[in-house]
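A.B. asks: Input structure: entry19.cif, which contains mmCIF, C-alpha atoms and all ligand atoms.
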data_upload
#
loop_
_atom_site.label_atom_id
_atom_site.label_comp_id
_atom_site.auth_asym_id
_atom_site.auth_seq_id
_atom_site.Cartn_x
_atom_site.Cartn_y
_atom_site.Cartn_z
CA MET A 930 65.11 100.03 134.43
CA THR A 931 67.98 97.86 133.23
CA ILE A 932 70.47 99.23 130.75
CA ASP A 933 71.78 96.58 128.43
CA PHE A 934 73.57 96.56 125.11
CA GLU A 935 72.20 93.37 123.57
CA GLY A 936 72.35 93.63 119.79
CA ARG A 937 74.60 96.69 119.90
CA VAL A 938 78.02 96.99 118.36
CA ALA A 939 80.42 99.28 120.19
CA ILE A 940 83.84 100.63 119.28
CA VAL A 941 86.01 101.88 122.12
CA THR A 942 89.24 103.59 121.09
CA GLY A 943 92.27 103.44 123.34
CA ALA A 944 90.70 100.47 125.12
CA GLY A 945 93.91 98.53 125.74
CA GLY A 946 94.09 99.83 129.32
CA GLY A 947 92.77 102.39 131.79
CA LEU A 948 89.29 103.78 131.23
CA GLY A 949 88.81 102.35 127.73
CA ARG A 950 89.43 98.82 128.98
CA ALA A 951 86.91 99.33 131.79
CA TYR A 952 84.29 100.62 129.32
CA ALA A 953 84.90 97.72 126.92
CA LEU A 954 84.63 95.06 129.64
CA GLU A 955 81.34 96.40 130.97
CA LEU A 956 79.83 96.97 127.52
CA ALA A 957 80.64 93.36 126.68
CA ARG A 958 79.32 92.13 130.02
CA ARG A 959 76.04 93.88 129.22
CA GLY A 960 75.75 92.23 125.84
CA ALA A 961 77.49 94.49 123.32
CA ARG A 962 79.82 93.12 120.69
CA VAL A 963 82.90 95.25 121.13
CA VAL A 964 85.75 96.40 118.92
CA VAL A 965 88.64 97.00 121.29
CA ASN A 966 90.87 99.54 119.56
CA ASP A 967 94.33 100.47 120.79
CA LEU A 968 97.64 100.93 119.12
CA GLY A 969 99.23 100.09 122.43
CA GLY A 970 101.70 102.93 122.68
CA THR A 971 103.33 104.55 125.68
CA ARG A 972 101.83 107.53 127.48
CA ASP A 973 103.41 110.02 125.07
CA GLY A 974 102.08 108.14 122.06
CA THR A 975 105.26 106.39 120.93
CA GLY A 976 105.66 102.64 120.46
CA GLN A 977 103.14 99.85 119.94
CA SER A 978 101.95 96.70 121.72
CA ASP A 979 99.20 94.08 121.77
CA ALA A 980 97.26 95.80 124.58
CA ALA A 981 93.97 95.55 122.64
CA ALA A 982 94.38 91.79 122.11
CA ARG A 983 94.87 91.26 125.84
CA VAL A 984 91.62 93.05 126.65
CA VAL A 985 89.82 90.98 124.02
CA GLU A 986 91.16 87.83 125.72
CA GLU A 987 89.69 89.06 129.00
CA ILE A 988 86.31 89.65 127.34
CA LEU A 989 86.30 86.28 125.62
CA ALA A 990 87.27 84.55 128.85
CA THR A 991 84.10 85.85 130.49
CA GLY A 992 81.89 84.77 127.60
CA GLY A 993 81.71 88.14 125.84
CA THR A 994 82.17 88.97 122.18
CA ALA A 995 84.99 91.23 121.00
CA ILE A 996 87.65 91.77 118.40
CA ALA A 997 90.93 93.64 118.70
CA ASN A 998 92.03 96.43 116.42
CA GLY A 999 95.42 98.12 116.43
CA ALA A 1000 94.64 101.15 114.26
CA SER A 1001 95.91 104.54 115.27
CA VAL A 1002 92.93 106.87 115.51
CA THR A 1003 95.01 109.40 113.57
CA ASP A 1004 95.11 107.19 110.47
CA PRO A 1005 91.92 107.64 108.41
CA ARG A 1006 92.55 104.57 106.25
CA ALA A 1007 93.22 102.26 109.17
CA VAL A 1008 90.14 103.66 110.95
CA ALA A 1009 87.98 103.15 107.84
CA ALA A 1010 89.21 99.54 107.70
CA MET A 1011 88.30 99.11 111.39
CA ILE A 1012 84.74 100.29 110.72
CA GLU A 1013 84.50 97.99 107.71
CA THR A 1014 85.59 95.06 109.86
CA ALA A 1015 83.00 95.95 112.51
CA ARG A 1016 80.27 96.16 109.88
CA ALA A 1017 81.34 92.95 108.19
CA GLU A 1018 81.73 90.95 111.42
CA TYR A 1019 78.90 92.40 113.45
CA GLY A 1020 76.60 94.10 110.93
CA GLY A 1021 76.78 97.73 112.07
CA VAL A 1022 78.20 100.22 114.56
CA HIS A 1023 75.89 101.68 117.19
CA ILE A 1024 78.26 103.09 119.77
CA LEU A 1025 81.58 104.90 119.47
CA ILE A 1026 83.52 105.91 122.55
CA ASN A 1027 86.36 108.24 121.56
CA ASN A 1028 88.73 107.59 124.41
CA ALA A 1029 92.24 107.24 122.94
CA GLY A 1030 94.67 109.81 124.19
CA ILE A 1031 98.26 110.77 124.90
CA LEU A 1032 100.07 113.32 127.02
CA ARG A 1033 102.98 115.64 126.23
CA ASP A 1034 102.90 117.85 129.32
CA LYS A 1035 105.14 120.92 129.58
CA SER A 1036 104.64 124.52 130.53
CA PHE A 1037 103.59 126.48 127.46
CA ALA A 1038 106.91 128.35 127.47
CA LYS A 1039 108.73 125.05 126.93
CA MET A 1040 106.18 123.27 124.74
CA SER A 1041 107.23 122.65 121.15
CA VAL A 1042 104.75 123.12 118.32
CA GLU A 1043 105.31 119.44 117.55
CA ASP A 1044 104.10 118.43 121.02
CA PHE A 1045 101.13 120.75 120.63
CA ARG A 1046 100.20 119.22 117.27
CA ALA A 1047 100.73 115.61 118.41
CA VAL A 1048 98.28 115.96 121.28
CA ILE A 1049 95.65 117.77 119.18
CA ASP A 1050 96.12 115.15 116.49
CA VAL A 1051 95.38 112.12 118.69
CA HIS A 1052 92.59 113.54 120.87
CA LEU A 1053 90.77 116.00 118.64
CA VAL A 1054 91.54 115.02 115.06
CA GLY A 1055 91.59 111.32 115.98
CA SER A 1056 88.11 111.59 117.50
CA ALA A 1057 86.88 113.46 114.41
CA ILE A 1058 88.36 110.77 112.12
CA CYS A 1059 86.68 107.94 114.06
CA THR A 1060 83.39 109.81 114.30
CA LYS A 1061 83.39 110.64 110.61
CA ALA A 1062 84.05 107.00 109.80
CA VAL A 1063 80.91 105.87 111.68
CA TRP A 1064 78.68 108.87 110.99
CA GLU A 1065 77.13 107.62 107.74
CA THR A 1066 76.49 104.18 109.23
CA MET A 1067 74.70 105.77 112.18
CA ARG A 1068 72.63 107.96 109.87
CA GLU A 1069 71.62 104.94 107.79
CA GLN A 1070 70.74 102.97 110.93
CA ALA A 1071 68.95 106.00 112.42
CA TYR A 1072 70.74 105.02 115.60
CA GLY A 1073 74.01 106.22 117.02
CA ARG A 1074 75.63 106.96 120.36
CA ILE A 1075 78.92 108.85 120.42
CA LEU A 1076 80.91 109.80 123.48
CA MET A 1077 83.75 112.32 123.41
CA THR A 1078 86.32 112.34 126.18
CA ALA A 1079 87.06 115.81 127.49
CA SER A 1080 88.83 116.57 130.73
CA SER A 1081 88.81 118.98 133.62
CA THR A 1082 91.88 120.46 131.94
CA GLY A 1083 89.85 121.30 128.85
CA LEU A 1084 86.91 122.66 130.79
CA TYR A 1085 88.83 124.50 133.50
CA GLY A 1086 92.58 124.50 132.72
CA ASN A 1087 95.60 122.87 134.28
CA PHE A 1088 99.20 124.02 134.52
CA GLY A 1089 101.43 122.31 131.95
CA GLN A 1090 98.65 121.02 129.71
CA ALA A 1091 97.99 123.77 127.14
CA ASN A 1092 98.01 121.30 124.23
CA TYR A 1093 95.85 118.77 126.04
CA GLY A 1094 93.41 121.41 127.32
CA ALA A 1095 92.95 122.87 123.83
CA ALA A 1096 92.23 119.40 122.45
CA LYS A 1097 89.85 118.51 125.25
CA LEU A 1098 87.72 121.64 125.08
CA GLY A 1099 87.77 121.18 121.31
CA LEU A 1100 86.13 117.80 121.84
CA ALA A 1101 83.35 119.30 123.92
CA GLY A 1102 82.82 121.79 121.10
CA LEU A 1103 82.80 119.05 118.49
CA ALA A 1104 80.18 117.18 120.50
CA LYS A 1105 77.92 120.23 120.71
CA THR A 1106 77.66 120.65 116.93
CA LEU A 1107 77.42 116.92 116.26
CA ALA A 1108 74.60 116.65 118.82
CA LEU A 1109 72.67 119.15 116.70
CA GLU A 1110 73.54 117.50 113.38
CA GLY A 1111 72.84 114.00 114.68
CA ALA A 1112 69.47 114.77 116.27
CA LYS A 1113 67.48 113.97 113.13
CA TYR A 1114 69.09 110.53 112.92
CA ASN A 1115 68.66 109.53 116.53
CA THR A 1116 72.40 109.96 116.98
CA LYS A 1117 73.18 111.29 120.43
CA VAL A 1118 76.50 112.89 121.16
CA ASN A 1119 77.78 113.54 124.66
CA THR A 1120 80.99 114.32 126.48
CA ILE A 1121 82.58 112.86 129.58
CA ALA A 1122 85.22 114.47 131.76
CA PRO A 1123 86.56 111.52 133.77
CA VAL A 1124 88.78 111.50 136.82
CA ALA A 1125 90.50 108.17 137.35
CA ALA A 1126 93.73 106.64 138.51
CA THR A 1127 95.31 105.28 135.33
CA ARG A 1128 98.81 105.41 133.91
CA MET A 1129 97.88 108.87 132.62
CA THR A 1130 97.36 110.24 136.10
CA GLU A 1131 99.35 107.86 138.31
CA ASP A 1132 101.99 110.47 139.10
CA LEU A 1133 99.41 113.20 139.76
CA PHE A 1134 97.30 111.40 142.35
CA PRO A 1135 98.52 111.12 145.93
CA PRO A 1136 98.88 107.37 146.69
CA GLU A 1137 95.99 107.41 149.21
CA LEU A 1138 93.61 108.58 146.47
CA LEU A 1139 94.66 106.07 143.80
CA GLU A 1140 92.48 103.43 145.41
CA ARG A 1141 89.37 105.62 145.44
CA PHE A 1142 89.58 106.70 141.81
CA GLN A 1143 89.30 103.30 140.16
CA PRO A 1144 88.54 103.55 136.41
CA GLU A 1145 85.56 101.22 136.98
CA LEU A 1146 83.85 104.03 138.89
CA VAL A 1147 83.70 106.18 135.73
CA VAL A 1148 82.00 103.40 133.77
CA PRO A 1149 78.38 104.03 134.94
CA ALA A 1150 78.34 107.61 133.62
CA ALA A 1151 80.04 106.67 130.36
CA LEU A 1152 77.71 103.74 129.69
CA PHE A 1153 74.60 105.76 130.51
CA LEU A 1154 75.74 108.34 127.93
CA VAL A 1155 75.93 105.68 125.18
CA SER A 1156 72.79 103.77 126.16
CA ASP A 1157 69.32 103.78 124.63
CA GLU A 1158 68.38 106.12 127.47
CA ALA A 1159 71.14 108.63 126.71
CA PRO A 1160 70.44 112.35 126.64
CA THR A 1161 72.27 114.40 124.04
CA ASN A 1162 74.58 117.41 124.26
CA VAL A 1163 75.44 116.71 127.87
CA ILE A 1164 78.80 117.00 129.59
CA LEU A 1165 79.19 114.76 132.62
CA GLY A 1166 82.08 114.73 135.02
CA ALA A 1167 82.68 111.38 136.72
CA GLY A 1168 85.14 109.99 139.24
CA ALA A 1169 85.21 107.87 142.39
CA GLY A 1170 81.47 107.29 142.16
CA VAL A 1171 80.56 110.98 141.95
CA VAL A 1172 78.78 112.13 138.79
CA GLN A 1173 78.45 115.83 137.95
CA ALA A 1174 77.21 117.91 135.03
CA ALA A 1175 79.19 120.74 133.44
CA TYR A 1176 77.61 123.55 131.46
CA VAL A 1177 78.73 126.27 129.08
CA THR A 1178 76.65 129.17 130.26
CA LEU A 1179 75.89 132.70 129.11
CA THR A 1180 75.12 135.58 131.43
CA ARG A 1181 72.29 138.02 130.82
CA GLY A 1182 74.86 140.72 130.17
CA VAL A 1183 74.25 144.39 129.61
CA ALA A 1184 72.86 146.26 126.63
CA LEU A 1185 75.23 149.21 126.48
CA GLY A 1186 73.65 152.55 125.77
CA GLU A 1187 74.69 154.51 122.65
CA GLY A 1188 77.32 156.51 124.48
CA GLU A 1189 78.66 153.48 126.36
CA ARG A 1190 79.66 151.28 123.42
CA THR A 1191 83.31 151.82 124.20
CA PRO A 1192 85.97 149.83 126.05
CA GLU A 1193 85.39 152.23 128.95
CA GLY A 1194 81.69 151.37 128.84
CA VAL A 1195 82.52 147.67 129.12
CA ALA A 1196 84.89 148.40 131.99
CA ALA A 1197 82.25 150.42 133.81
CA HIS A 1198 79.68 147.60 133.50
CA PHE A 1199 82.04 144.65 133.85
CA ALA A 1200 80.70 143.42 137.19
CA GLU A 1201 77.15 143.38 135.83
CA ILE A 1202 78.25 141.79 132.54
CA ALA A 1203 79.96 138.97 134.44
CA GLY A 1204 77.21 138.62 137.04
CA ARG A 1205 75.57 135.23 136.94
CA GLU A 1206 72.02 135.99 137.92
CA GLY A 1207 69.66 134.89 135.18
CA GLU A 1208 72.35 133.16 133.13
CA ILE A 1209 71.25 130.60 130.56
CA VAL A 1210 72.64 127.42 128.99
CA PRO A 1211 72.22 127.93 125.23
CA GLN A 1212 71.45 124.76 123.31
CA SER A 1213 72.90 126.13 120.08
CA GLY A 1214 74.96 129.10 118.92
CA ALA A 1215 71.86 130.77 117.53
CA GLU A 1216 70.53 131.13 121.06
CA GLN A 1217 73.28 133.63 121.82
CA THR A 1218 72.08 135.81 118.94
CA MET A 1219 68.49 135.43 120.15
CA SER A 1220 69.44 136.40 123.68
CA ILE A 1221 71.21 139.52 122.33
CA LEU A 1222 68.08 140.51 120.44
CA GLN A 1223 66.01 139.95 123.57
CA ARG A 1224 68.34 142.20 125.56
CA LEU A 1225 68.01 144.91 122.95
CA GLN A 1226 64.24 144.68 123.34
CA GLY A 1227 64.74 145.28 127.02
CA GLN A 1228 63.87 141.75 128.14
P1 LIG B 1301 95.50 105.49 129.26
O1 LIG B 1301 96.82 106.02 128.84
O2 LIG B 1301 95.46 104.25 130.06
O3 LIG B 1301 94.54 105.27 128.00
C1 LIG B 1301 94.72 105.88 126.76
C2 LIG B 1301 94.81 104.79 125.72
O4 LIG B 1301 94.79 105.38 124.41
C3 LIG B 1301 96.11 104.00 125.83
O5 LIG B 1301 95.82 102.62 125.98
C4 LIG B 1301 96.83 104.29 124.52
O6 LIG B 1301 97.59 103.21 124.01
C5 LIG B 1301 95.67 104.63 123.60
N1 LIG B 1301 96.10 105.44 122.46
C6 LIG B 1301 96.92 106.49 122.47
N2 LIG B 1301 97.10 106.97 121.24
C7 LIG B 1301 96.34 106.21 120.42
C8 LIG B 1301 96.09 106.22 119.02
N3 LIG B 1301 96.67 107.13 118.23
N4 LIG B 1301 95.25 105.30 118.51
C9 LIG B 1301 94.67 104.36 119.31
N5 LIG B 1301 94.88 104.31 120.65
C10 LIG B 1301 95.71 105.22 121.19
O7 LIG B 1301 94.79 106.68 130.06
P2 LIG B 1301 93.27 106.88 130.55
O8 LIG B 1301 93.35 107.70 131.76
O9 LIG B 1301 92.53 105.62 130.55
O10 LIG B 1301 92.70 107.84 129.41
C11 LIG B 1301 91.54 107.59 128.64
C12 LIG B 1301 90.98 108.91 128.17
O11 LIG B 1301 90.48 109.64 129.29
C13 LIG B 1301 91.98 109.83 127.49
O12 LIG B 1301 91.35 110.50 126.42
C14 LIG B 1301 92.33 110.81 128.57
O13 LIG B 1301 92.80 112.04 128.06
C15 LIG B 1301 91.00 110.95 129.26
N6 LIG B 1301 91.06 111.49 130.61
C16 LIG B 1301 91.54 110.74 131.65
C17 LIG B 1301 91.56 111.29 132.91
C18 LIG B 1301 91.99 110.51 134.09
O14 LIG B 1301 91.84 111.03 135.22
N7 LIG B 1301 92.52 109.31 133.91
C19 LIG B 1301 91.15 112.68 133.17
C20 LIG B 1301 90.60 113.33 132.03
C21 LIG B 1301 90.59 112.75 130.80
#
I'd like the structure from this file rewritten - as structure tokens, please.
Ligand code: NAI
C.D. replies:
Amino acid sequence: MTIDFEGRVAIVTGAGGGLGRAYALELARRGARVVVNDLGGTRDGTGQSDAAARVVEEILATGGTAIANGASVTDPRAVAAMIETARAEYGGVHILINNAGILRDKSFAKMSVEDFRAVIDVHLVGSAICTKAVWETMREQAYGRILMTASSTGLYGNFGQANYGAAKLGLAGLAKTLALEGAKYNTKVNTIAPVAATRMTEDLFPPELLERFQPELVVPAALFLVSDEAPTNVILGAGAGVVQAAYVTLTRGVALGEGERTPEGVAAHFAEIAGREGEIVPQSGAEQTMSILQRLQGQ
């Protein structure tokens, strides 16, 4: 099987460098017409540059098709204009990779509310703004592929990244509901948790690992998740050529007896409650309710 993107129009946000650039180059190489979005700021989200235009030059130089867009993903009007341009120039939008992001790392004790909001605004609200702007087009086309960018910090935590982690797990949550709402319209929504040596992580990686974690090695997982063959409601981790799947699971738990429905009852059963034997991966929130009812029936 060959995965190509002939006839597809893809928008990649934050594609002026790092992972977004790598996604955009490979999408274009495989036939997509690409909108390379990036406001070209610094790592903390300040400033602007022509980063997107430089990636478009690279794509054009190799015979691909792309246009640059400098909208901030946090600006609904500028994002709406970007979608309009994509529709006008290329006739639709089939793929959206929400990849733009910033960092304002600090321990929670020292983190200002402003730094918390700024990070949520770019990652979580920005992805919602871009997704909302393409949602109707994808419904009309009965075709859409959307990728959210989470992070190991969101899924598992990381010291000094409370704002970033909240935004990133929020994105995985956003993807889960949109996967359900998009199903009827052949719109598949997935999440990637990449690990790559980019300017975002350059001071975290030991030098000997920088070489192994090239952004290009995340591209296969990301492109599979926005291809015709894509599953939906999947979270993939990807880095250095290793691809993993992450799940939000639910244990079987314990149906507390009448006299045990107390904090002490929970404490007494905690090991069994947390025990992982027979855990499930619910495909919607309603499945938690169903599993509770099953437990009450003694199943
Ligand atoms: P990067 O800093 O090279 O890429 C982020 C891009 O987003 C930058 O080019 C930046 O200008 C752009 N951007 C920032 N704010 C924007 C806005 N408001 N509107 C439009 N563009 C904006 O870093 P990297 O590593 O390529 O990050 C890409 C995504 O992957 C981010 O969402 C990041 O959080 C995520 N990620 C990266 C990991 C890694 O190991 N590199 C780990 C986990 C997640």
A.B. asks: Any residue with an atom at most 8 Å from ligand LIG 1301 (chain B) counts, using all atoms listed in the file. Which are they? Put them as a ChimeraX atom specification.
C.D. replies: /A:942-950,966-974,977,980,999-1004,1027-1032,1051-1052,1055,1078-1082,1093,1097,1122-1130,1144,1168
A.B. asks: Select, counting only C-alpha atoms, all protein, DNA and RNA residues no farther than 12 Å from (80.6, 96.8, 107.1) in file coordinates, and express the selection as a list in words.
C.D. replies: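 The distance filter leaves exactly Val938, Ala1009, Ala1010, Met1011, Ile1012, Glu1013, Thr1014, Ala1015, Arg1016, Ala1017, Glu1018, Tyr1019, Gly1020, Gly1021, Val1022, Ala1062, Val1063, Glu1065, Thr1066 and Met1067 of chain A.
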A.B. asks: Near Ala1203 in chain A, counting only C-alpha atoms, which residues have an atom at most 8 Å away, once you skip same-chain residues fewer than 3 positions from it, shown as a ChimeraX atom specification?
C.D. replies: /A:1180,1182,1199-1200
A.B. asks: Tell me, as a PyMOL selection string, which residues lie within 6 Å of range 1106-1120 of chain A, counting only C-alpha atoms; anything in the same chain fewer than 5 positions away does not count.
C.D. replies: chain A and resi 1068+1071-1078+1161-1164
A.B. asks: So what do you get for CA of Glu1208 in chain A versus CA of Val1183 in chain A, distance-wise?
C.D. replies: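 Computed distance, CA of Glu1208 in chain A to CA of Val1183 in chain A, equals 11.9 Å.
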A.B. asks: Any chance you could build range 1165-1176 of chain A out to all heavy atoms and write it as a compact mmCIF listing (two decimals), keeping the file's coordinate frame?
C.D. replies:
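Ended up saving to selection_31.txt:
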# COMPACT_ATOMS: atom_id res chain seq x y z
N LEU A 1165 79.18 115.27 131.25
CA LEU A 1165 79.19 114.76 132.62
C LEU A 1165 80.63 114.63 133.11
O LEU A 1165 81.51 114.17 132.38
CB LEU A 1165 78.53 113.38 132.70
CG LEU A 1165 77.01 113.30 132.53
CD1 LEU A 1165 76.54 111.87 132.80
CD2 LEU A 1165 76.28 114.29 133.44
N GLY A 1166 80.84 115.02 134.34
CA GLY A 1166 82.08 114.73 135.02
C GLY A 1166 81.86 113.47 135.85
O GLY A 1166 80.76 113.27 136.38
N ALA A 1167 82.87 112.61 135.95
CA ALA A 1167 82.68 111.38 136.72
C ALA A 1167 84.00 110.91 137.31
O ALA A 1167 85.02 110.86 136.62
CB ALA A 1167 82.09 110.28 135.84
N GLY A 1168 83.96 110.55 138.59
CA GLY A 1168 85.14 109.99 139.24
C GLY A 1168 84.81 109.54 140.64
O GLY A 1168 84.02 110.18 141.34
N ALA A 1169 85.35 108.39 141.02
CA ALA A 1169 85.21 107.87 142.39
C ALA A 1169 83.76 107.70 142.81
O ALA A 1169 83.43 107.79 144.00
CB ALA A 1169 85.95 108.78 143.38
N GLY A 1170 82.87 107.49 141.84
CA GLY A 1170 81.47 107.29 142.16
C GLY A 1170 80.65 108.57 142.22
O GLY A 1170 79.44 108.52 142.45
N VAL A 1171 81.29 109.70 142.00
CA VAL A 1171 80.56 110.98 141.95
C VAL A 1171 80.33 111.34 140.49
O VAL A 1171 81.25 111.23 139.67
CB VAL A 1171 81.35 112.10 142.67
CG1 VAL A 1171 80.66 113.45 142.47
CG2 VAL A 1171 81.50 111.78 144.14
N VAL A 1172 79.10 111.73 140.16
CA VAL A 1172 78.78 112.13 138.79
C VAL A 1172 78.26 113.57 138.83
O VAL A 1172 77.41 113.90 139.66
CB VAL A 1172 77.70 111.20 138.17
CG1 VAL A 1172 77.45 111.58 136.72
CG2 VAL A 1172 78.15 109.74 138.26
N GLN A 1173 78.81 114.41 137.96
CA GLN A 1173 78.45 115.83 137.95
C GLN A 1173 78.08 116.23 136.53
O GLN A 1173 78.37 115.50 135.58
CB GLN A 1173 79.66 116.66 138.41
CG GLN A 1173 80.13 116.31 139.83
CD GLN A 1173 81.52 116.82 140.14
OE1 GLN A 1173 82.46 116.54 139.41
NE2 GLN A 1173 81.65 117.57 141.21
N ALA A 1174 77.48 117.39 136.37
CA ALA A 1174 77.21 117.91 135.03
C ALA A 1174 77.92 119.25 134.88
O ALA A 1174 77.94 120.06 135.82
CB ALA A 1174 75.71 118.08 134.81
N ALA A 1175 78.52 119.46 133.71
CA ALA A 1175 79.19 120.74 133.44
C ALA A 1175 78.44 121.46 132.32
O ALA A 1175 77.93 120.81 131.40
CB ALA A 1175 80.64 120.49 133.02
N TYR A 1176 78.36 122.76 132.43
CA TYR A 1176 77.61 123.55 131.46
C TYR A 1176 78.46 124.67 130.89
O TYR A 1176 79.30 125.23 131.59
CB TYR A 1176 76.39 124.18 132.13
CG TYR A 1176 75.38 123.18 132.60
CD1 TYR A 1176 75.34 122.78 133.94
CD2 TYR A 1176 74.48 122.62 131.71
CE1 TYR A 1176 74.41 121.84 134.37
CE2 TYR A 1176 73.56 121.68 132.13
CZ TYR A 1176 73.52 121.30 133.46
OH TYR A 1176 72.62 120.37 133.88
